[in-house]
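Take a look at the structure below.
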Amino acid sequence: MELKVDTLKCTGCKICEFACNYHYDGTSSPIGSSIMFYREEKKNYYGAMVKREKSLLLARPEGPEVVKPGQQIEGASASSKPILLRVACDLCEGEDTPFCVKSCPQDVFSIE
Ligand code: SF4
Ligand code: SF4
């Protein structure tokens, strides 16, 4: 099973970050989330980074990219570095449906 992220549907509400953090420690905060939402200056350009066990999933409107540890991320800013220190996504182990999947109002996340 793998987490898919379709950021073309994202509206930037950031609920997914809070939902993921809630899975780990039951608190309402985005700080411990495996997901980091980001936006660029372009209109309606939203993306999400997901920390995985051995890679980083970079989901952008132009399509997903899997980045390996140490690999240069094209166009990355300093704000993307904290995601590398986050806990890796465990696909919401123990849950019937991952929190990001059931909380995103735009159905950006899915499991395949
Ligand atoms: S919850 Fe969904 S719509 Fe909101 S920021 Fe996350 S991916 Fe985007
Ligand atoms: S599947 Fe669970 S742990 Fe993984 S990013 Fe979504 S909410 Fe976070």
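Order determines the names: the first chain of the structure tokens is A, the second B, and so forth; residues in each chain are numbered 1 upward, and ligands are numbered 1 upward as they are shown.
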* To do: Residues within 12 Å of ligand 2, counting only C-alpha atoms and all ligand atoms: report them as a PyMOL selection string.
  => chain A and resi 1-5+15-26+30-37+48-53+56-57+83+86-104+108-112
* Would you mind writing down, as a list in words, each residue of segment 16-82 of chain A that DSSP on the backbone assigns to strand (DSSP E or B)? =>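 So the strand (DSSP E or B) residues in segment 16-82 of chain A would be Ile35, Met36, Phe37, Tyr38, Arg39, Tyr46, Gly47, Ala48, Met49, Val50, Lys51, Leu56, Leu57, Leu58, Ala59, Arg60, Gly63, Pro64, Glu65, Val66 and Val67 of chain A.
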Skipping near chain neighbours, those fewer than 3 positions away, what residues fall within 10 Å of Glu62 of chain A using only C-alpha atoms, listed as a PDB file with C-alpha atoms, in the first residue's frame?
```pdb
ATOM      1  CA  ASP A   6      -3.058  14.752  -5.838  1.00  0.00           C
ATOM      2  CA  THR A   7      -2.230  18.360  -5.034  1.00  0.00           C
ATOM      3  CA  LEU A   8      -4.141  19.689  -8.045  1.00  0.00           C
ATOM      4  CA  TYR A  45      -0.056  26.351  -6.583  1.00  0.00           C
ATOM      5  CA  GLY A  47       2.174  21.172  -2.778  1.00  0.00           C
ATOM      6  CA  ALA A  59       3.773  16.104  -4.404  1.00  0.00           C
ATOM      7  CA  GLU A  65       8.564  13.050  -7.222  1.00  0.00           C
TER       8      GLU A  65
END
```
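Atom CA of Ser29 of chain A is found 21.6 Å from atom CA of Leu58 of chain A.
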